[in-house]
$ cat query12.pdb   # PDB, C-alpha atoms, pLDDT in the B column
ATOM      1  CA  MET A   1      14.660   2.536  27.841  1.00 47.00           C
ATOM      2  CA  GLY A   2      13.317   4.406  30.865  1.00 50.00           C
ATOM      3  CA  ARG A   3      10.370   3.296  32.957  1.00 50.00           C
ATOM      4  CA  ASN A   4       8.126   5.975  31.400  1.00 53.00           C
ATOM      5  CA  SER A   5       8.958   4.665  27.936  1.00 80.00           C
ATOM      6  CA  ILE A   6       8.210   1.100  28.988  1.00 78.00           C
ATOM      7  CA  LYS A   7       4.864   2.192  30.406  1.00 82.00           C
ATOM      8  CA  GLN A   8       4.057   4.080  27.208  1.00 84.00           C
ATOM      9  CA  ARG A   9       4.988   1.094  25.046  1.00 84.00           C
ATOM     10  CA  ASN A  10       2.779  -1.211  27.125  1.00 85.00           C
ATOM     11  CA  GLU A  11      -0.112   1.237  26.740  1.00 86.00           C
ATOM     12  CA  MET A  12       0.408   1.332  22.968  1.00 88.00           C
ATOM     13  CA  MET A  13       0.432  -2.455  22.795  1.00 87.00           C
ATOM     14  CA  ALA A  14      -2.763  -2.596  24.876  1.00 87.00           C
ATOM     15  CA  ILE A  15      -4.414  -0.136  22.495  1.00 89.00           C
ATOM     16  CA  PHE A  16      -3.507  -2.324  19.531  1.00 89.00           C
ATOM     17  CA  ASP A  17      -5.029  -5.303  21.329  1.00 87.00           C
ATOM     18  CA  ILE A  18      -8.264  -3.322  21.634  1.00 86.00           C
ATOM     19  CA  PHE A  19      -8.046  -2.458  17.951  1.00 89.00           C
ATOM     20  CA  ILE A  20      -7.581  -6.125  17.031  1.00 87.00           C
ATOM     21  CA  LYS A  21     -10.529  -7.133  19.197  1.00 83.00           C
ATOM     22  CA  GLU A  22     -12.951  -4.465  17.961  1.00 81.00           C
ATOM     23  CA  ALA A  23     -11.844  -3.916  14.359  1.00 83.00           C
ATOM     24  CA  GLY A  24     -10.586  -7.435  13.687  1.00 76.00           C
ATOM     25  CA  ASN A  25     -14.082  -8.890  13.661  1.00 77.00           C
ATOM     26  CA  ASN A  26     -14.752 -10.600  10.324  1.00 77.00           C
ATOM     27  CA  GLN A  27     -18.516 -10.597  10.928  1.00 77.00           C
ATOM     28  CA  GLU A  28     -20.919  -8.192   9.263  1.00 75.00           C
ATOM     29  CA  ASN A  29     -21.111  -6.083  12.419  1.00 75.00           C
ATOM     30  CA  GLY A  30     -17.318  -5.627  12.529  1.00 83.00           C
ATOM     31  CA  TRP A  31     -15.906  -2.126  12.222  1.00 88.00           C
ATOM     32  CA  PHE A  32     -14.376  -2.567   8.769  1.00 91.00           C
ATOM     33  CA  HIS A  33     -17.434  -4.318   7.356  1.00 91.00           C
ATOM     34  CA  GLU A  34     -19.609  -1.497   8.678  1.00 90.00           C
ATOM     35  CA  ILE A  35     -17.328   1.198   7.243  1.00 92.00           C
ATOM     36  CA  ALA A  36     -16.811  -0.570   3.900  1.00 93.00           C
ATOM     37  CA  CYS A  37     -20.549  -0.845   3.267  1.00 91.00           C
ATOM     38  CA  ARG A  38     -20.755   2.949   3.095  1.00 91.00           C
ATOM     39  CA  ASN A  39     -18.485   2.991   0.025  1.00 93.00           C
ATOM     40  CA  PRO A  40     -20.282   2.168  -3.268  1.00 92.00           C
ATOM     41  CA  SER A  41     -17.233   0.316  -4.648  1.00 94.00           C
ATOM     42  CA  HIS A  42     -17.328  -2.232  -1.847  1.00 95.00           C
ATOM     43  CA  ALA A  43     -20.500  -4.027  -2.980  1.00 93.00           C
ATOM     44  CA  PHE A  44     -19.012  -4.927  -6.378  1.00 94.00           C
ATOM     45  CA  PHE A  45     -15.640  -6.086  -5.055  1.00 95.00           C
ATOM     46  CA  ALA A  46     -17.098  -7.964  -2.082  1.00 93.00           C
ATOM     47  CA  ASN A  47     -19.474  -9.811  -4.421  1.00 93.00           C
ATOM     48  CA  TYR A  48     -16.760 -10.955  -6.840  1.00 93.00           C
ATOM     49  CA  TYR A  49     -13.710 -11.218  -4.573  1.00 94.00           C
ATOM     50  CA  SER A  50     -15.136 -11.564  -1.041  1.00 93.00           C
ATOM     51  CA  PHE A  51     -13.946  -9.383   1.836  1.00 94.00           C
ATOM     52  CA  TYR A  52     -11.885 -10.483   4.832  1.00 93.00           C
ATOM     53  CA  VAL A  53     -10.727  -8.944   8.106  1.00 92.00           C
ATOM     54  CA  VAL A  54      -8.320 -11.423   9.657  1.00 87.00           C
ATOM     55  CA  PRO A  55      -5.837 -11.014  12.547  1.00 85.00           C
ATOM     56  CA  ARG A  56      -2.643 -13.005  12.311  1.00 73.00           C
ATOM     57  CA  GLU A  57      -1.714 -14.628  15.574  1.00 56.00           C
ATOM     58  CA  SER A  58       1.684 -15.634  16.847  1.00 49.00           C
ATOM     59  CA  LEU A  59       2.692 -19.253  17.418  1.00 47.00           C
ATOM     60  CA  ASN A  60       1.319 -19.315  20.963  1.00 51.00           C
ATOM     61  CA  GLY A  61      -1.987 -17.861  19.799  1.00 51.00           C
ATOM     62  CA  LYS A  62      -1.965 -14.951  22.273  1.00 52.00           C
ATOM     63  CA  ASN A  63       0.108 -12.016  21.031  1.00 55.00           C
ATOM     64  CA  ARG A  64      -1.573 -10.831  17.877  1.00 76.00           C
ATOM     65  CA  THR A  65       0.518  -8.240  16.019  1.00 87.00           C
ATOM     66  CA  VAL A  66      -0.980  -8.081  12.505  1.00 91.00           C
ATOM     67  CA  LEU A  67      -4.433  -7.298  11.159  1.00 92.00           C
ATOM     68  CA  ASN A  68      -5.107  -7.995   7.479  1.00 93.00           C
ATOM     69  CA  VAL A  69      -7.995  -6.277   5.690  1.00 94.00           C
ATOM     70  CA  TYR A  70      -8.254  -7.505   2.119  1.00 95.00           C
ATOM     71  CA  TYR A  71     -10.287  -8.703  -0.825  1.00 95.00           C
ATOM     72  CA  GLY A  72      -9.825 -12.270  -2.029  1.00 93.00           C
ATOM     73  CA  SER A  73      -8.974 -13.612  -5.458  1.00 91.00           C
ATOM     74  CA  ARG A  74     -10.858 -14.756  -8.533  1.00 90.00           C
ATOM     75  CA  PRO A  75     -10.026 -15.976 -12.070  1.00 85.00           C
ATOM     76  CA  VAL A  76     -10.237 -13.183 -14.634  1.00 79.00           C
ATOM     77  CA  ASP A  77      -8.968 -14.999 -17.737  1.00 77.00           C
ATOM     78  CA  HIS A  78      -7.717 -18.357 -18.931  1.00 69.00           C
ATOM     79  CA  ILE A  79      -5.007 -19.740 -21.202  1.00 70.00           C
ATOM     80  CA  ILE A  80      -4.924 -23.064 -23.023  1.00 68.00           C
ATOM     81  CA  ASP A  81      -1.395 -24.441 -22.912  1.00 66.00           C
ATOM     82  CA  GLN A  82      -0.196 -27.022 -25.411  1.00 63.00           C
ATOM     83  CA  ARG A  83       2.553 -29.510 -24.616  1.00 64.00           C
ATOM     84  CA  PHE A  84       4.380 -31.332 -27.396  1.00 55.00           C
ATOM     85  CA  TYR A  85       6.810 -33.226 -25.145  1.00 59.00           C
ATOM     86  CA  ASP A  86       6.356 -35.307 -22.019  1.00 56.00           C
ATOM     87  CA  GLN A  87       8.340 -34.980 -18.796  1.00 62.00           C
ATOM     88  CA  ASN A  88      11.143 -37.083 -20.313  1.00 63.00           C
ATOM     89  CA  GLU A  89      11.418 -34.711 -23.283  1.00 64.00           C
ATOM     90  CA  LYS A  90       9.946 -37.330 -25.613  1.00 63.00           C
ATOM     91  CA  GLU A  91       7.685 -36.071 -28.345  1.00 61.00           C
ATOM     92  CA  LEU A  92       4.013 -36.822 -27.781  1.00 56.00           C
ATOM     93  CA  PRO A  93       1.968 -38.407 -30.606  1.00 64.00           C
ATOM     94  CA  PHE A  94      -0.651 -35.679 -30.076  1.00 56.00           C
ATOM     95  CA  PRO A  95      -0.286 -32.301 -28.392  1.00 61.00           C
ATOM     96  CA  LYS A  96      -1.599 -32.334 -24.833  1.00 62.00           C
ATOM     97  CA  GLN A  97      -3.758 -29.366 -23.860  1.00 60.00           C
ATOM     98  CA  SER A  98      -4.272 -27.995 -20.381  1.00 63.00           C
ATOM     99  CA  LEU A  99      -6.390 -25.139 -19.106  1.00 64.00           C
ATOM    100  CA  ARG A 100      -4.685 -22.517 -16.942  1.00 73.00           C
ATOM    101  CA  PHE A 101      -6.564 -19.713 -15.201  1.00 72.00           C
ATOM    102  CA  ILE A 102      -5.210 -16.192 -14.765  1.00 80.00           C
ATOM    103  CA  THR A 103      -6.018 -15.127 -11.211  1.00 86.00           C
ATOM    104  CA  GLU A 104      -6.230 -11.663  -9.712  1.00 91.00           C
ATOM    105  CA  CYS A 105      -5.701 -11.075  -5.980  1.00 92.00           C
ATOM    106  CA  GLY A 106      -7.523  -8.123  -4.457  1.00 94.00           C
ATOM    107  CA  ALA A 107      -6.018  -5.060  -2.789  1.00 95.00           C
ATOM    108  CA  HIS A 108      -4.712  -5.486   0.740  1.00 96.00           C
ATOM    109  CA  LEU A 109      -4.472  -3.265   3.827  1.00 96.00           C
ATOM    110  CA  ARG A 110      -2.181  -4.464   6.609  1.00 95.00           C
ATOM    111  CA  TYR A 111      -1.661  -3.129  10.140  1.00 95.00           C
ATOM    112  CA  THR A 112       1.551  -4.349  11.769  1.00 93.00           C
ATOM    113  CA  ARG A 113       2.513  -3.569  15.355  1.00 91.00           C
ATOM    114  CA  ILE A 114       6.254  -3.498  15.848  1.00 89.00           C
ATOM    115  CA  SER A 115       8.035  -4.129  19.149  1.00 83.00           C
ATOM    116  CA  ARG A 116       8.173  -0.445  20.097  1.00 83.00           C
ATOM    117  CA  GLY A 117       4.375  -0.282  19.990  1.00 85.00           C
ATOM    118  CA  SER A 118       4.136   1.786  16.814  1.00 90.00           C
ATOM    119  CA  VAL A 119       1.855   0.568  14.034  1.00 93.00           C
ATOM    120  CA  ILE A 120       2.774   0.537  10.350  1.00 94.00           C
ATOM    121  CA  CYS A 121      -0.106   0.682   7.847  1.00 96.00           C
ATOM    122  CA  ILE A 122       0.647  -0.637   4.375  1.00 96.00           C
ATOM    123  CA  LEU A 123      -1.419  -0.796   1.178  1.00 97.00           C
ATOM    124  CA  THR A 124      -0.755  -3.516  -1.402  1.00 95.00           C
ATOM    125  CA  PRO A 125      -2.290  -3.221  -4.890  1.00 96.00           C
ATOM    126  CA  ALA A 126      -4.383  -5.758  -6.723  1.00 94.00           C
ATOM    127  CA  THR A 127      -2.034  -8.216  -8.429  1.00 91.00           C
ATOM    128  CA  ILE A 128      -2.477 -10.503 -11.396  1.00 88.00           C
ATOM    129  CA  ASP A 129      -0.303 -13.267 -12.817  1.00 77.00           C
ATOM    130  CA  ASN A 130       0.887 -11.407 -15.925  1.00 67.00           C
ATOM    131  CA  ILE A 131       0.624  -7.765 -14.774  1.00 74.00           C
ATOM    132  CA  LYS A 132       2.908  -6.034 -12.268  1.00 77.00           C
ATOM    133  CA  GLN A 133       2.241  -2.667 -10.720  1.00 82.00           C
ATOM    134  CA  LYS A 134       5.011  -0.085 -10.489  1.00 86.00           C
ATOM    135  CA  GLU A 135       5.112  -0.367  -6.700  1.00 92.00           C
ATOM    136  CA  ASP A 136       4.926  -3.405  -4.438  1.00 93.00           C
ATOM    137  CA  SER A 137       3.128  -1.403  -1.741  1.00 95.00           C
ATOM    138  CA  ILE A 138       2.583   2.069  -0.260  1.00 96.00           C
ATOM    139  CA  ILE A 139       3.353   2.874   3.377  1.00 96.00           C
ATOM    140  CA  ILE A 140       0.383   5.100   4.187  1.00 95.00           C
ATOM    141  CA  GLU A 141       0.924   5.619   7.923  1.00 92.00           C
ATOM    142  CA  THR A 142       3.391   5.012  10.723  1.00 92.00           C
ATOM    143  CA  LEU A 143       1.401   5.582  13.889  1.00 91.00           C
ATOM    144  CA  HIS A 144       3.661   6.345  16.853  1.00 88.00           C
ATOM    145  CA  ARG A 145       0.524   7.052  18.894  1.00 85.00           C
ATOM    146  CA  PRO A 146      -1.937   4.379  17.722  1.00 86.00           C
ATOM    147  CA  HIS A 147      -4.843   5.735  19.811  1.00 87.00           C
ATOM    148  CA  SER A 148      -6.559   6.868  16.598  1.00 88.00           C
ATOM    149  CA  LEU A 149      -7.013   3.232  15.568  1.00 89.00           C
ATOM    150  CA  THR A 150      -9.770   2.889  18.137  1.00 84.00           C
ATOM    151  CA  GLY A 151     -11.823   5.568  16.353  1.00 82.00           C
ATOM    152  CA  LYS A 152     -13.627   5.110  13.058  1.00 84.00           C
ATOM    153  CA  PRO A 153     -12.568   8.333  11.222  1.00 91.00           C
ATOM    154  CA  LEU A 154      -9.014   7.071  10.597  1.00 92.00           C
ATOM    155  CA  LEU A 155     -10.264   3.605   9.647  1.00 93.00           C
ATOM    156  CA  LYS A 156     -12.718   5.155   7.179  1.00 94.00           C
ATOM    157  CA  LYS A 157      -9.882   7.094   5.571  1.00 95.00           C
ATOM    158  CA  HIS A 158      -7.820   3.912   5.270  1.00 96.00           C
ATOM    159  CA  MET A 159     -10.809   2.009   3.857  1.00 95.00           C
ATOM    160  CA  ASP A 160     -11.290   4.735   1.237  1.00 96.00           C
ATOM    161  CA  TYR A 161      -7.603   4.361   0.345  1.00 97.00           C
ATOM    162  CA  LEU A 162      -8.005   0.598  -0.006  1.00 97.00           C
ATOM    163  CA  LEU A 163     -11.036   0.793  -2.280  1.00 97.00           C
ATOM    164  CA  SER A 164      -9.574   3.581  -4.433  1.00 97.00           C
ATOM    165  CA  TYR A 165      -6.369   1.566  -4.767  1.00 97.00           C
ATOM    166  CA  PHE A 166      -8.388  -1.490  -5.777  1.00 96.00           C
ATOM    167  CA  GLU A 167     -10.309   0.555  -8.360  1.00 96.00           C
ATOM    168  CA  CYS A 168      -7.062   1.933  -9.809  1.00 95.00           C
ATOM    169  CA  THR A 169      -5.122  -1.360  -9.938  1.00 95.00           C
ATOM    170  CA  SER A 170      -7.755  -3.997 -10.709  1.00 93.00           C
ATOM    171  CA  VAL A 171      -8.369  -5.180 -14.285  1.00 90.00           C
ATOM    172  CA  ASP A 172     -12.080  -4.623 -13.648  1.00 89.00           C
ATOM    173  CA  GLY A 173     -11.618  -1.388 -11.741  1.00 91.00           C
ATOM    174  CA  ASP A 174     -13.594   1.700 -12.702  1.00 93.00           C
ATOM    175  CA  PRO A 175     -11.881   4.551 -10.840  1.00 95.00           C
ATOM    176  CA  ASN A 176     -13.539   7.940 -10.754  1.00 96.00           C
ATOM    177  CA  ILE A 177     -11.653  11.215 -10.613  1.00 96.00           C
ATOM    178  CA  TYR A 178     -11.556  11.146  -6.790  1.00 95.00           C
ATOM    179  CA  ASP A 179     -10.017   7.654  -6.787  1.00 95.00           C
ATOM    180  CA  LYS A 180      -7.333   8.734  -9.262  1.00 95.00           C
ATOM    181  CA  ILE A 181      -6.472  11.905  -7.357  1.00 95.00           C
ATOM    182  CA  ARG A 182      -6.391  10.037  -4.034  1.00 95.00           C
ATOM    183  CA  ILE A 183      -3.978   7.382  -5.307  1.00 95.00           C
ATOM    184  CA  TRP A 184      -1.843   9.923  -7.176  1.00 94.00           C
ATOM    185  CA  TRP A 185      -1.516  11.879  -3.927  1.00 94.00           C
ATOM    186  CA  LEU A 186      -0.555   8.751  -1.967  1.00 95.00           C
ATOM    187  CA  ARG A 187       2.086   7.833  -4.533  1.00 93.00           C
ATOM    188  CA  PHE A 188       3.415  11.398  -4.466  1.00 91.00           C
ATOM    189  CA  THR A 189       3.487  11.980  -0.715  1.00 92.00           C
ATOM    190  CA  LYS A 190       4.054   8.525   0.839  1.00 93.00           C
ATOM    191  CA  PRO A 191       7.075   6.207   0.727  1.00 93.00           C
ATOM    192  CA  MET A 192       6.627   3.249  -1.599  1.00 93.00           C
ATOM    193  CA  VAL A 193       8.210  -0.173  -1.716  1.00 93.00           C
ATOM    194  CA  ILE A 194       9.556  -0.927  -5.200  1.00 91.00           C
ATOM    195  CA  ASP A 195      11.352  -4.192  -5.935  1.00 88.00           C
ATOM    196  CA  GLY A 196      11.531  -4.868  -2.211  1.00 86.00           C
ATOM    197  CA  LYS A 197      13.176  -1.522  -1.328  1.00 89.00           C
ATOM    198  CA  ILE A 198      11.623   1.484   0.418  1.00 86.00           C
ATOM    199  CA  THR A 199      11.948   4.569  -1.799  1.00 86.00           C
ATOM    200  CA  GLU A 200      12.046   8.230  -0.865  1.00 81.00           C
ATOM    201  CA  CYS A 201       8.747  10.119  -1.016  1.00 76.00           C
ATOM    202  CA  GLN A 202       8.380  11.833  -4.372  1.00 77.00           C
ATOM    203  CA  ILE A 203       7.324  15.058  -2.676  1.00 71.00           C
ATOM    204  CA  THR A 204      10.563  15.066  -0.645  1.00 70.00           C
ATOM    205  CA  SER A 205      12.613  14.511  -3.793  1.00 68.00           C
ATOM    206  CA  PHE A 206      10.629  17.221  -5.583  1.00 58.00           C
ATOM    207  CA  PHE A 207      11.264  19.893  -2.943  1.00 59.00           C
ATOM    208  CA  ARG A 208      14.909  18.891  -2.559  1.00 66.00           C
ATOM    209  CA  LYS A 209      15.453  19.457  -6.286  1.00 64.00           C
ATOM    210  CA  ILE A 210      13.733  22.845  -6.058  1.00 61.00           C
ATOM    211  CA  ILE A 211      15.982  23.855  -3.152  1.00 60.00           C
ATOM    212  CA  GLN A 212      19.087  22.628  -4.987  1.00 64.00           C
ATOM    213  CA  TRP A 213      18.063  24.539  -8.093  1.00 55.00           C
ATOM    214  CA  SER A 214      17.328  27.669  -6.061  1.00 57.00           C
ATOM    215  CA  LEU A 215      20.681  27.460  -4.300  1.00 55.00           C
ATOM    216  CA  THR A 216      22.478  26.895  -7.608  1.00 62.00           C
ATOM    217  CA  VAL A 217      20.762  29.839  -9.297  1.00 54.00           C
ATOM    218  CA  GLY A 218      21.213  31.994  -6.199  1.00 55.00           C
ATOM    219  CA  LEU A 219      24.897  31.120  -5.943  1.00 55.00           C
ATOM    220  CA  SER A 220      25.413  31.820  -9.648  1.00 57.00           C
ATOM    221  CA  GLY A 221      23.737  35.208  -9.255  1.00 57.00           C
ATOM    222  CA  ALA A 222      25.866  36.030  -6.222  1.00 55.00           C
ATOM    223  CA  MET A 223      29.072  35.042  -8.042  1.00 58.00           C
ATOM    224  CA  LEU A 224      28.105  37.152 -11.046  1.00 59.00           C
ATOM    225  CA  PHE A 225      27.413  40.143  -8.782  1.00 53.00           C
ATOM    226  CA  ILE A 226      30.797  39.751  -7.041  1.00 57.00           C
ATOM    227  CA  ILE A 227      32.634  39.541 -10.386  1.00 56.00           C
ATOM    228  CA  GLN A 228      30.867  42.631 -11.708  1.00 60.00           C
ATOM    229  CA  LEU A 229      31.641  44.472  -8.473  1.00 51.00           C
ATOM    230  CA  PHE A 230      35.303  43.415  -8.677  1.00 47.00           C
ATOM    231  CA  PHE A 231      35.758  44.673 -12.254  1.00 50.00           C
ATOM    232  CA  SER A 232      33.901  47.900 -11.548  1.00 57.00           C
ATOM    233  CA  THR A 233      36.267  48.472  -8.596  1.00 52.00           C
ATOM    234  CA  LEU A 234      39.295  47.891 -10.830  1.00 48.00           C
ATOM    235  CA  LYS A 235      38.054  50.381 -13.372  1.00 53.00           C
ATOM    236  CA  SER A 236      37.533  53.022 -10.748  1.00 50.00           C
TER     237      SER A 236
END

$ encode --input "query12.pdb" --output "structure tokens"
Amino acid sequence: MGRNSIKQRNEMMAIFDIFIKEAGNNQENGWFHEIACRNPSHAFFANYYSFYVVPRESLNGKNRTVLNVYYGSRPVDHIIDQRFYDQNEKELPFPKQSLRFITECGAHLRYTRISRGSVICILTPATIDNIKQKEDSIIIETLHRPHSLTGKPLLKKHMDYLLSYFECTSVDGDPNIYDKIRIWWLRFTKPMVIDGKITECQITSFFRKIIQWSLTVGLSGAMLFIIQLFFSTLKS
């Protein structure tokens, strides 16, 4: 890596430090709290799940590389389990009942700075004990120039993504048409993590199939034209 690249990487890391300091404030006057309050969905989710903006620090407490923006968890249902046998597999004289709560964890937005200075922004859906979403997460941005993190327009867009994702994946979500379109577009145009593996963007796969089909049809037409030309030449 050349000296210019090292300088650029150091600048990118310094910018992320500023982002952590200014946006990573979990108080009401923090950037994300201020932006979230403008979205009508936030009041409901913050009331029932709570809202957190928390940096994750390294072991020495200095080099912070991750910022988590997320809603907490709450019980949404309960199950009464009955046990007929004890831990030694002996039958109990009376069934033993225990109450088990079904908990939902809120949607999650994570900013991770990698060693090169780039920042990866990932959305994780609301999860519940007995329901699994199709995707584990959506990679919404890879910022090779993270300067935009120090401005609120990009953070507002990400916050809108987070709340729409929460509306679409929560058991108590009430997504409107804009939420549904927004999340459909993210799932169509962004890489997703499914079963721990990063998948190809659906839009990339879609256009590749169109190109393959066009080439196949075009090649078939060209072959047919050549054959017709060949036989017409023989006849003449």

$ residues_around --input "query12.pdb" --residues "region 180-186 of chain A" --least-positions-apart "5" --cutoff "7 Å" --atoms "all atoms listed in the file" --output "ChimeraX atom specification"
/A:164-165,168,175

$ residues_around --input "query12.pdb" --residues "Lys132 (chain A)" --least-positions-apart "3" --cutoff "12 Å" --atoms "only C-alpha atoms" --output "ChimeraX atom specification"
/A:104-105,124-129,135-137,169-171,194-195

$ closest_residue --input "query12.pdb" --among "A:Leu163, A:Leu109, A:Val53, A:Val119" --to "Tyr178 (chain A)" --atoms "all atoms listed in the file"
A:Leu163

$ resolve_selection --input "query12.pdb" --expression "the PyMOL selection byres ((chain A and resi 188) around 10)" --output "PyMOL selection string"
chain A and resi 182-187+189-192+200-206

$ atom_distance --input "query12.pdb" --atom1 "CA of Asp160 (chain A)" --atom2 "CA of Ser118 (chain A)"
22.1 Å

$ resolve_selection --input "query12.pdb" --expression "the PyMOL selection byres ((chain A and resi 4-18) around 8)" --output "list of chain:residue names"
A:Met1, A:Gly2, A:Arg3, A:Phe19, A:Ile20, A:Lys21, A:Glu22, A:Arg64, A:Thr65, A:Arg113, A:Arg116, A:Gly117, A:Ser118, A:Arg145, A:Pro146, A:His147, A:Leu149, A:Thr150

$ decode --input "query12.pdb" --residues "region 161-182 of chain A" --atoms "N, CA and C atoms" --output "compact mmCIF listing (two decimals), in the first residue's frame"
# COMPACT_ATOMS: atom_id res chain seq x y z
N TYR A 161 -35.00 3.01 6.36
CA TYR A 161 -34.87 1.59 6.05
C TYR A 161 -35.14 0.73 7.29
N LEU A 162 -34.52 1.13 8.39
CA LEU A 162 -34.64 0.35 9.63
C LEU A 162 -36.09 0.26 10.09
N LEU A 163 -36.79 1.38 10.09
CA LEU A 163 -38.17 1.38 10.57
C LEU A 163 -39.11 0.67 9.60
N SER A 164 -38.89 0.81 8.31
CA SER A 164 -39.70 0.06 7.34
C SER A 164 -39.47 -1.43 7.47
N TYR A 165 -38.21 -1.81 7.70
CA TYR A 165 -37.87 -3.22 7.87
C TYR A 165 -38.54 -3.78 9.13
N PHE A 166 -38.54 -2.97 10.19
CA PHE A 166 -39.18 -3.38 11.43
C PHE A 166 -40.69 -3.55 11.21
N GLU A 167 -41.30 -2.60 10.50
CA GLU A 167 -42.73 -2.69 10.22
C GLU A 167 -43.06 -3.96 9.42
N CYS A 168 -42.19 -4.31 8.48
CA CYS A 168 -42.46 -5.44 7.59
C CYS A 168 -42.14 -6.79 8.20
N THR A 169 -41.31 -6.83 9.25
CA THR A 169 -40.89 -8.12 9.81
C THR A 169 -41.36 -8.36 11.23
N SER A 170 -41.94 -7.38 11.88
CA SER A 170 -42.41 -7.54 13.25
C SER A 170 -43.81 -8.16 13.26
N VAL A 171 -44.11 -8.94 14.29
CA VAL A 171 -45.45 -9.53 14.41
C VAL A 171 -46.50 -8.45 14.64
N ASP A 172 -46.10 -7.33 15.19
CA ASP A 172 -47.02 -6.22 15.43
C ASP A 172 -46.80 -5.08 14.44
N GLY A 173 -46.09 -5.35 13.37
CA GLY A 173 -45.84 -4.33 12.37
C GLY A 173 -47.09 -3.99 11.58
N ASP A 174 -47.16 -2.77 11.11
CA ASP A 174 -48.28 -2.31 10.30
C ASP A 174 -47.73 -1.52 9.12
N PRO A 175 -47.07 -2.22 8.18
CA PRO A 175 -46.39 -1.51 7.09
C PRO A 175 -47.38 -0.87 6.12
N ASN A 176 -47.06 0.34 5.71
CA ASN A 176 -47.87 0.97 4.66
C ASN A 176 -47.26 0.63 3.30
N ILE A 177 -47.83 1.16 2.26
CA ILE A 177 -47.38 0.82 0.91
C ILE A 177 -45.94 1.26 0.68
N TYR A 178 -45.53 2.39 1.28
CA TYR A 178 -44.17 2.89 1.11
C TYR A 178 -43.17 1.96 1.80
N ASP A 179 -43.54 1.46 2.99
CA ASP A 179 -42.67 0.50 3.68
C ASP A 179 -42.47 -0.76 2.85
N LYS A 180 -43.55 -1.27 2.29
CA LYS A 180 -43.48 -2.51 1.50
C LYS A 180 -42.64 -2.33 0.24
N ILE A 181 -42.84 -1.21 -0.43
CA ILE A 181 -42.07 -0.94 -1.66
C ILE A 181 -40.59 -0.76 -1.32
N ARG A 182 -40.32 -0.04 -0.24
CA ARG A 182 -38.93 0.22 0.17
C ARG A 182 -38.19 -1.09 0.46
